[in-house]
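Q: After the structure tokens below, expect a handful of questions from me.
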Protein chains: 2
Amino acid sequence: MAEFQLIEILKRRCAWPRADVRVGIGDDAAVVEVPAGHELVICTDTLVAGVHFPLETGAADLGWKSLAVNLSDLAAMGAAPAWATLAITLPSADPDFVARFAEGFAELAAQHELALIGGDTTSGPLTITLTVHGFVPAGRAMRRGGARIGDVVYVTGTLGDAAGGLRCLQHVGASSLESGSIDHADRDFLVARLHRPSPRIAAGIALRALASACIDVSDGLLADLGHIAAASAVGFEIGEDCLPGSSALFDQFDTGVCRELQMGGGDDYELVFTIAEANVAAMLASMAETGCRVSRIGRAIAGAGVHVLDRNGQRKHVAAKGWEHFT
Amino acid sequence: MAEFQLIEILKRRCAWPRADVRVGIGDDAAVVEVPAGHELVICTDTLVAGVHFPLETGAADLGWKSLAVNLSDLAAMGAAPAWATLAITLPSADPDFVARFAEGFAELAAQHELALIGGDTTSGPLTITLTVHGFVPAGRAMRRGGARIGDVVYVTGTLGDAAGGLRCLQHVGASSLESGSIDHADRDFLVARLHRPSPRIAAGIALRALASACIDVSDGLLADLGHIAAASAVGFEIGEDCLPGSSALFDQFDTGVCRELQMGGGDDYELVFTIAEANVAAMLASMAETGCRVSRIGRAIAGAGVHVLDRNGQRKHVAAKGWEHFT
């Protein structure tokens, strides 16, 4: 199986036409057009086998997830997706693997009308790097640095599910797992949240006119909110009991474990954002329209860092840390 | 050494300001602006340790080369470079390696005013993926598919040097190497052509108004010209004696080996292009202005494939093949 045959598989499945793609896969480079009055938003994320996903992860799930983690970065900026380039390094030229990868990629890409426009297939240890491109109206990208003291903090969806799903796969941490009494629907839900996260594109686009700062939860809530705190020079107080959780998570894990996963677990790809109190009503209406659940979890304060409050409003020490490589 | 410290090194060395960068390294994504009336040209190339470069390659050379191979794709489209995102996977968080990588990258990037605007640093086997962005005036990108029967074929610079440099490093194929009598200046020249290729950006920009088709020589002359042949539905006849070679190459290798390296050796990153006879004089004047040597090597004919002619004008069989993964 030669390289060009693998590219042909990817092209057939993932490179549907878009009016703004002048030259797609098959030349030295792609040529595309950014609409007038818009800025280009670009992000890159790499998934390494055994580091960012378990070695036994299915190829279709990998195709989905490698796109999802990048789309989530676009969502955090409020950008509308357009194009992606794929650099995939494979231990062997396996056309079945590539076809299944393309299937998962295409399933999510189709939802967002994103087209694959180029890339590189190479031989080596399994590694996937996607560079994803989207648009925002000029000057309207959401940033990490815009939070003001007094803003409230919201998060989309539920937290901790992906980390719960990973524990299910690893068979640790849940008494129901150890006793073999786990509910299979719960398990499937949590594992799907790990393997097939849904980037909050529609919510991000709706929020860019209303939120003051935004980031996606990829490393864990406290770590990612900490990035907003640092960039905005504010602190945050977060109510432990305010954190949204799925019934699947709470059914399968003790409350203490759930809290730990909600605050420190990565891979949720929800959006956490700050917003002036005056914009909250409009935001809630807008989120209801997009069908996106949001929860108020805290407030920006003078100071630094992210502080967790217990149900009595007292600060408590939390050991949970976000995901970091090389440490 | 945490991930953010590695990113800080890259940012400090490679992320100088450009007026069209609204948000650079440090948010969820970069935000940039494409100039009015221009299209965006995007390419991605991956270098895997032990596959695309010898394991002992210096980090600064890697930084230079990973950018050069991508800029060469922009050159082949006639694009002016603007921005890059870097996905670098490292076996360990080695700040010295990253600093030297950044130094080599920055040295070439500065020549072309290209800014690093984002990326991802991950842990795993050494792999470098760059996605590079540039501009062309709308509708003016050079393509592979524009060659017409009767067009002449030119190539920039000299061919075979990088493959000769690789043989020097591997100590094979040159009698002077085996006898230890190699000229060190020749060796250094050839190895520099392998490690520090100069992408033909100025030539590409000058050619886009004149050439009918263009590609860069990354896999080997015959293989890459074969891509133009296939995309343009023409054949090519190439004169073996017309192929430009450096004196270093011819001093160190037998003529037969030189021919093989010139036709089949990859990694030269010269441009091979087709042009109507009527445009040749203007092209030669333009290339003289940019200081870029060009050589006429053949002609587009009715038919298919790339045929090599000996000095008597007879077609000869050539076994040399271009670089291909997975075969």
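If you're wondering about the labels, chains in the structure tokens are A, B, ... by order shown, residues count from 1 in each chain, ligands from 1 in order shown.
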Which residues are near region 152-166 of chain B? Cut-off 6 Å, only C-alpha atoms, ignore same chain within fewer than 5 positions. Put them as a tab-separated table (two decimals) with all heavy atoms, in the first residue's frame.
A:
chain	number	residue	atom	x	y	z
B	190	LEU	N	27.94	19.63	0.65
B	190	LEU	CA	26.88	18.66	0.36
B	190	LEU	C	26.02	18.39	1.60
B	190	LEU	O	24.79	18.32	1.50
B	190	LEU	CB	27.50	17.36	-0.17
B	190	LEU	CG	28.25	17.48	-1.51
B	190	LEU	CD1	28.95	16.16	-1.85
B	190	LEU	CD2	27.29	17.88	-2.64
B	191	VAL	N	26.67	18.27	2.75
B	191	VAL	CA	25.90	18.01	3.99
B	191	VAL	C	25.03	19.23	4.33
B	191	VAL	O	23.89	19.08	4.78
B	191	VAL	CB	26.85	17.64	5.15
B	191	VAL	CG1	26.09	17.61	6.47
B	191	VAL	CG2	27.50	16.28	4.88
B	193	ARG	N	23.68	21.18	2.17
B	193	ARG	CA	22.54	21.13	1.25
B	193	ARG	C	21.48	20.15	1.76
B	193	ARG	O	20.29	20.32	1.50
B	193	ARG	CB	23.02	20.74	-0.15
B	193	ARG	CG	23.81	21.83	-0.85
B	193	ARG	CD	22.91	22.81	-1.57
B	193	ARG	NE	22.30	22.18	-2.74
B	193	ARG	CZ	21.21	22.64	-3.35
B	193	ARG	NH1	20.60	23.73	-2.90
B	193	ARG	NH2	20.72	22.02	-4.40
B	194	LEU	N	21.94	19.11	2.46
B	194	LEU	CA	20.99	18.16	3.06
B	194	LEU	C	20.29	18.76	4.28
B	194	LEU	O	19.07	18.66	4.42
B	194	LEU	CB	21.75	16.88	3.47
B	194	LEU	CG	20.95	15.82	4.24
B	194	LEU	CD1	19.87	15.19	3.35
B	194	LEU	CD2	21.87	14.74	4.80
B	244	PRO	N	21.61	20.06	-13.99
B	244	PRO	CA	22.63	20.87	-13.32
B	244	PRO	C	23.19	20.16	-12.09
B	244	PRO	O	22.44	19.58	-11.29
B	244	PRO	CB	21.86	22.13	-12.91
B	244	PRO	CG	20.45	21.65	-12.73
B	244	PRO	CD	20.24	20.58	-13.76
B	245	GLY	N	24.53	20.18	-11.96
B	245	GLY	CA	25.17	19.54	-10.81
B	245	GLY	C	26.24	20.44	-10.24
B	245	GLY	O	26.85	21.24	-10.97
B	246	SER	N	26.47	20.33	-8.96
B	246	SER	CA	27.52	21.14	-8.33
B	246	SER	C	28.88	20.50	-8.58
B	246	SER	O	28.99	19.29	-8.77
B	246	SER	CB	27.25	21.24	-6.83
B	246	SER	OG	27.41	19.96	-6.23
B	261	LEU	N	21.91	10.28	-8.48
B	261	LEU	CA	21.50	11.17	-7.40
B	261	LEU	C	20.74	12.38	-7.94
B	261	LEU	O	19.78	12.85	-7.32
B	261	LEU	CB	22.72	11.64	-6.60
B	261	LEU	CG	23.55	10.53	-5.93
B	261	LEU	CD1	24.72	11.14	-5.17
B	261	LEU	CD2	22.69	9.69	-4.99
B	262	GLN	N	21.12	12.87	-9.11
B	262	GLN	CA	20.43	14.03	-9.68
B	262	GLN	C	19.00	13.70	-10.10
B	262	GLN	O	18.11	14.53	-10.00
B	262	GLN	CB	21.20	14.56	-10.90
B	262	GLN	CG	22.50	15.25	-10.54
B	262	GLN	CD	23.26	15.63	-11.79
B	262	GLN	OE1	23.72	14.77	-12.55
B	262	GLN	NE2	23.36	16.92	-12.03
B	265	GLY	N	17.57	11.34	-6.35
B	265	GLY	CA	17.79	11.76	-4.96
B	265	GLY	C	16.74	12.77	-4.53
B	265	GLY	O	16.38	13.67	-5.29
B	267	ASP	N	15.12	15.55	-1.44
B	267	ASP	CA	15.60	16.54	-0.46
B	267	ASP	C	16.35	17.72	-1.06
B	267	ASP	O	17.00	18.46	-0.32
B	267	ASP	CB	16.49	15.87	0.60
B	267	ASP	CG	15.67	15.42	1.80
B	267	ASP	OD1	14.43	15.61	1.79
B	267	ASP	OD2	16.26	14.88	2.76
B	268	ASP	N	16.28	17.94	-2.39
B	268	ASP	CA	17.00	19.09	-2.96
B	268	ASP	C	16.25	20.40	-2.75
B	268	ASP	O	16.84	21.45	-2.61
B	268	ASP	CB	17.24	18.88	-4.46
B	268	ASP	CG	18.41	17.94	-4.70
B	268	ASP	OD1	19.40	18.02	-3.95
B	268	ASP	OD2	18.32	17.12	-5.63
B	270	GLU	N	14.74	22.20	-4.81
B	270	GLU	CA	14.76	23.12	-5.94
B	270	GLU	C	13.35	23.13	-6.55
B	270	GLU	O	12.51	22.29	-6.21
B	270	GLU	CB	15.80	22.66	-6.97
B	270	GLU	CG	17.24	22.67	-6.45
B	270	GLU	CD	17.76	24.07	-6.12
B	270	GLU	OE1	17.11	25.06	-6.52
B	270	GLU	OE2	18.80	24.16	-5.45
B	271	LEU	N	13.10	24.09	-7.44
B	271	LEU	CA	11.83	24.11	-8.17
B	271	LEU	C	12.05	23.58	-9.58
B	271	LEU	O	13.00	23.97	-10.24
B	271	LEU	CB	11.27	25.53	-8.25
B	271	LEU	CG	10.94	26.21	-6.92
B	271	LEU	CD1	10.38	27.61	-7.18
B	271	LEU	CD2	9.95	25.38	-6.10
B	272	VAL	N	11.18	22.68	-10.02
B	272	VAL	CA	11.17	22.30	-11.43
B	272	VAL	C	9.86	22.82	-12.00
B	272	VAL	O	8.80	22.68	-11.39
B	272	VAL	CB	11.37	20.77	-11.61
B	272	VAL	CG1	10.34	19.95	-10.87
B	272	VAL	CG2	11.38	20.40	-13.09
B	273	PHE	N	9.95	23.50	-13.16
B	273	PHE	CA	8.75	24.15	-13.69
B	273	PHE	C	8.72	24.08	-15.20
B	273	PHE	O	9.75	23.89	-15.86
B	273	PHE	CB	8.65	25.60	-13.21
B	273	PHE	CG	9.82	26.48	-13.57
B	273	PHE	CD1	9.79	27.28	-14.70
B	273	PHE	CD2	10.95	26.52	-12.75
B	273	PHE	CE1	10.86	28.11	-15.03
B	273	PHE	CE2	12.03	27.34	-13.08
B	273	PHE	CZ	11.99	28.13	-14.21
B	274	THR	N	7.52	24.23	-15.73
B	274	THR	CA	7.33	24.26	-17.18
B	274	THR	C	6.94	25.68	-17.56
B	274	THR	O	6.32	26.41	-16.77
B	274	THR	CB	6.22	23.29	-17.62
B	274	THR	OG1	5.00	23.64	-16.95
B	274	THR	CG2	6.57	21.86	-17.26
B	275	ILE	N	7.29	26.06	-18.79
B	275	ILE	CA	7.04	27.43	-19.21
B	275	ILE	C	6.92	27.47	-20.73
B	275	ILE	O	7.62	26.72	-21.43
B	275	ILE	CB	8.17	28.36	-18.69
B	275	ILE	CG1	7.91	29.83	-19.02
B	275	ILE	CG2	9.54	27.91	-19.18
B	275	ILE	CD1	8.84	30.77	-18.26
B	293	ARG	N	20.04	30.65	-10.20
B	293	ARG	CA	20.45	29.91	-11.39
B	293	ARG	C	19.30	29.03	-11.87
B	293	ARG	O	18.63	28.39	-11.06
B	293	ARG	CB	21.65	29.04	-11.03
B	293	ARG	CG	22.00	27.98	-12.05
B	293	ARG	CD	23.19	27.14	-11.56
B	293	ARG	NE	23.46	26.05	-12.51
B	293	ARG	CZ	24.48	25.22	-12.40
B	293	ARG	NH1	25.33	25.34	-11.38
B	293	ARG	NH2	24.66	24.25	-13.28
B	294	VAL	N	19.06	28.99	-13.18
B	294	VAL	CA	18.10	28.03	-13.73
B	294	VAL	C	18.73	27.31	-14.91
B	294	VAL	O	19.59	27.87	-15.61
B	294	VAL	CB	16.78	28.69	-14.19
B	294	VAL	CG1	15.95	29.15	-13.01
B	294	VAL	CG2	17.03	29.84	-15.15
B	295	SER	N	18.30	26.07	-15.14
B	295	SER	CA	18.82	25.27	-16.25
B	295	SER	C	17.66	24.67	-17.03
B	295	SER	O	16.72	24.13	-16.44
B	295	SER	CB	19.70	24.13	-15.73
B	295	SER	OG	20.72	24.63	-14.89
B	296	ARG	N	17.77	24.75	-18.35
B	296	ARG	CA	16.77	24.12	-19.21
B	296	ARG	C	17.11	22.62	-19.29
B	296	ARG	O	18.24	22.26	-19.64
B	296	ARG	CB	16.80	24.74	-20.61
B	296	ARG	CG	15.80	24.12	-21.59
B	296	ARG	CD	16.03	24.61	-23.00
B	296	ARG	NE	15.59	25.99	-23.18
B	296	ARG	CZ	14.72	26.38	-24.14
B	296	ARG	NH1	14.21	25.49	-24.98
B	296	ARG	NH2	14.38	27.63	-24.26
B	297	ILE	N	16.16	21.78	-18.96
B	297	ILE	CA	16.49	20.35	-18.90
B	297	ILE	C	15.62	19.50	-19.82
B	297	ILE	O	15.90	18.31	-19.98
B	297	ILE	CB	16.38	19.79	-17.46
B	297	ILE	CG1	14.95	19.92	-16.91
B	297	ILE	CG2	17.38	20.51	-16.53
B	297	ILE	CD1	14.73	19.16	-15.61
B	298	GLY	N	14.58	20.05	-20.43
B	298	GLY	CA	13.77	19.18	-21.29
B	298	GLY	C	12.54	19.88	-21.81
B	298	GLY	O	12.45	21.11	-21.82
B	299	ARG	N	11.55	19.08	-22.22
B	299	ARG	CA	10.39	19.60	-22.93
B	299	ARG	C	9.18	18.71	-22.67
B	299	ARG	O	9.33	17.49	-22.49
B	299	ARG	CB	10.71	19.62	-24.43
B	299	ARG	CG	9.64	20.26	-25.31
B	299	ARG	CD	10.11	20.36	-26.75
B	299	ARG	NE	11.12	21.39	-26.95
B	299	ARG	CZ	10.86	22.68	-27.16
B	299	ARG	NH1	9.60	23.11	-27.18
B	299	ARG	NH2	11.82	23.55	-27.36
Q: Please determine, counting only C-alpha atoms, which residue among A:Ala202, A:Asp186, A:Gly124, A:His307 has the shortest atom-to-atom distance to Leu225 (chain A).
A: A:His307
Q: Would you tabulate, counting only C-alpha atoms, all residues of chain B that have an atom at most 8 Å from an atom of chain A, showing the closest pair of atoms and their distance in Å to one decimal, sorted by chain then ascending number, as a Markdown table?
A:
| residue | atom | partner | partner_atom | distance |
| --- | --- | --- | --- | --- |
| B:Met1 | CA | A:Phe326 | CA | 6.9 |
| B:Ala2 | CA | A:Phe326 | CA | 6.0 |
| B:Glu3 | CA | A:His325 | CA | 6.2 |
| B:Asp27 | CA | A:Arg144 | CA | 6.5 |
| B:Asp28 | CA | A:Asp73 | CA | 5.3 |
| B:Ala29 | CA | A:Cys43 | CA | 4.7 |
| B:Ala30 | CA | A:Ile42 | CA | 5.1 |
| B:Val31 | CA | A:Val41 | CA | 4.5 |
| B:Val32 | CA | A:Leu40 | CA | 5.2 |
| B:Glu33 | CA | A:Glu39 | CA | 5.0 |
| B:Val34 | CA | A:Val34 | CA | 7.1 |
| B:Ala36 | CA | A:Ala36 | CA | 7.5 |
| B:His38 | CA | A:Glu33 | CA | 7.7 |
| B:Glu39 | CA | A:Glu33 | CA | 5.0 |
| B:Leu40 | CA | A:Val32 | CA | 5.2 |
| B:Val41 | CA | A:Val31 | CA | 4.5 |
| B:Ile42 | CA | A:Ala30 | CA | 5.1 |
| B:Cys43 | CA | A:Ala29 | CA | 4.7 |
| B:Thr44 | CA | A:Gly119 | CA | 5.2 |
| B:Asp45 | CA | A:Asp120 | CA | 5.6 |
| B:Thr46 | CA | A:Asp120 | CA | 6.5 |
| B:Val48 | CA | A:Gly124 | CA | 6.6 |
| B:Val51 | CA | A:Ser123 | CA | 7.2 |
| B:Asp73 | CA | A:Asp28 | CA | 5.3 |
| B:Leu74 | CA | A:Ala29 | CA | 6.8 |
| B:Ala76 | CA | A:Asp28 | CA | 6.7 |
| B:Met77 | CA | A:Asp28 | CA | 6.9 |
| B:Thr85 | CA | A:Thr44 | CA | 6.9 |
| B:Leu86 | CA | A:Thr44 | CA | 7.7 |
| B:Ala87 | CA | A:Thr46 | CA | 6.6 |
| B:Ser92 | CA | A:Phe326 | CA | 6.9 |
| B:Ala93 | CA | A:Phe326 | CA | 5.9 |
| B:Gly118 | CA | A:Cys43 | CA | 6.8 |
| B:Gly119 | CA | A:Thr44 | CA | 5.2 |
| B:Asp120 | CA | A:Asp45 | CA | 5.6 |
| B:Thr121 | CA | A:Thr46 | CA | 7.9 |
| B:Thr122 | CA | A:His325 | CA | 6.6 |
| B:Ser123 | CA | A:His325 | CA | 6.4 |
| B:Gly124 | CA | A:Val48 | CA | 6.6 |
| B:Pro125 | CA | A:Pro125 | CA | 6.9 |
| B:Thr129 | CA | A:Ala87 | CA | 7.0 |
| B:Thr131 | CA | A:Thr131 | CA | 7.2 |
| B:Ala141 | CA | A:Val31 | CA | 7.6 |
| B:Arg143 | CA | A:Asp27 | CA | 6.8 |
| B:Arg144 | CA | A:Asp27 | CA | 6.5 |
| B:Ile215 | CA | A:Asp28 | CA | 6.7 |
| B:Asp216 | CA | A:Asp28 | CA | 7.8 |
| B:Glu324 | CA | A:Glu3 | CA | 7.1 |
| B:His325 | CA | A:Glu3 | CA | 6.3 |
| B:Phe326 | CA | A:Ala2 | CA | 5.9 |
| B:Thr327 | CA | A:Ala2 | CA | 6.2 |
Q: If DSSP is run on the backbone, what residues of region 43-149 of chain A are strand (DSSP E or B)? A reply as a VMD selection string would be ideal.
A: chain A and resid 43 to 49 53 80 to 90 115 to 123 127 to 137
Q: Would you compute the distance between CA of Tyr269 (chain B) and CA of Val217 (chain B)? Give it in Å to one decimal.
A: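 Spanning CA of Tyr269 (chain B) to CA of Val217 (chain B) is a straight-line distance of 4.9 Å.
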Q: Fewer than 4 positions away in the same chain doesn't count, so skip those; otherwise give me all residues within 8 Å of Leu207 (chain A), counting only C-alpha atoms, as a PyMOL selection string.
A: chain A and resi 78+203+211+283
Q: Could those selected residues go to a file with N, CA and C atoms, as a compact mmCIF listing (two decimals), in the first residue's frame?
A:
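Output contents, as saved in again05.txt:
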# COMPACT_ATOMS: atom_id res chain seq x y z
N GLY A 78 -14.86 31.18 19.68
CA GLY A 78 -16.10 31.62 19.03
C GLY A 78 -16.05 31.53 17.52
N ALA A 203 -22.41 26.91 20.70
CA ALA A 203 -22.37 27.71 21.93
C ALA A 203 -21.29 28.78 21.83
N ALA A 211 -19.85 36.82 26.19
CA ALA A 211 -18.91 36.43 27.24
C ALA A 211 -17.72 37.38 27.27
N MET A 283 -27.59 35.63 27.51
CA MET A 283 -26.81 34.41 27.31
C MET A 283 -27.68 33.17 27.57
Q: For each of B:Ile238, B:Ala110, B:Ala281, B:Cys292, take the minimum atom-to-atom distance to Lys316 (chain B), counting only C-alpha atoms, then give the residue where this is smallest.
A: B:Ile238
Q: Provide the CA of Phe189 (chain B) to CA of Ala68 (chain B) distance in Å, to one decimal place.
A: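 Value for the CA of Phe189 (chain B)-CA of Ala68 (chain B) distance: 16.9 Å.
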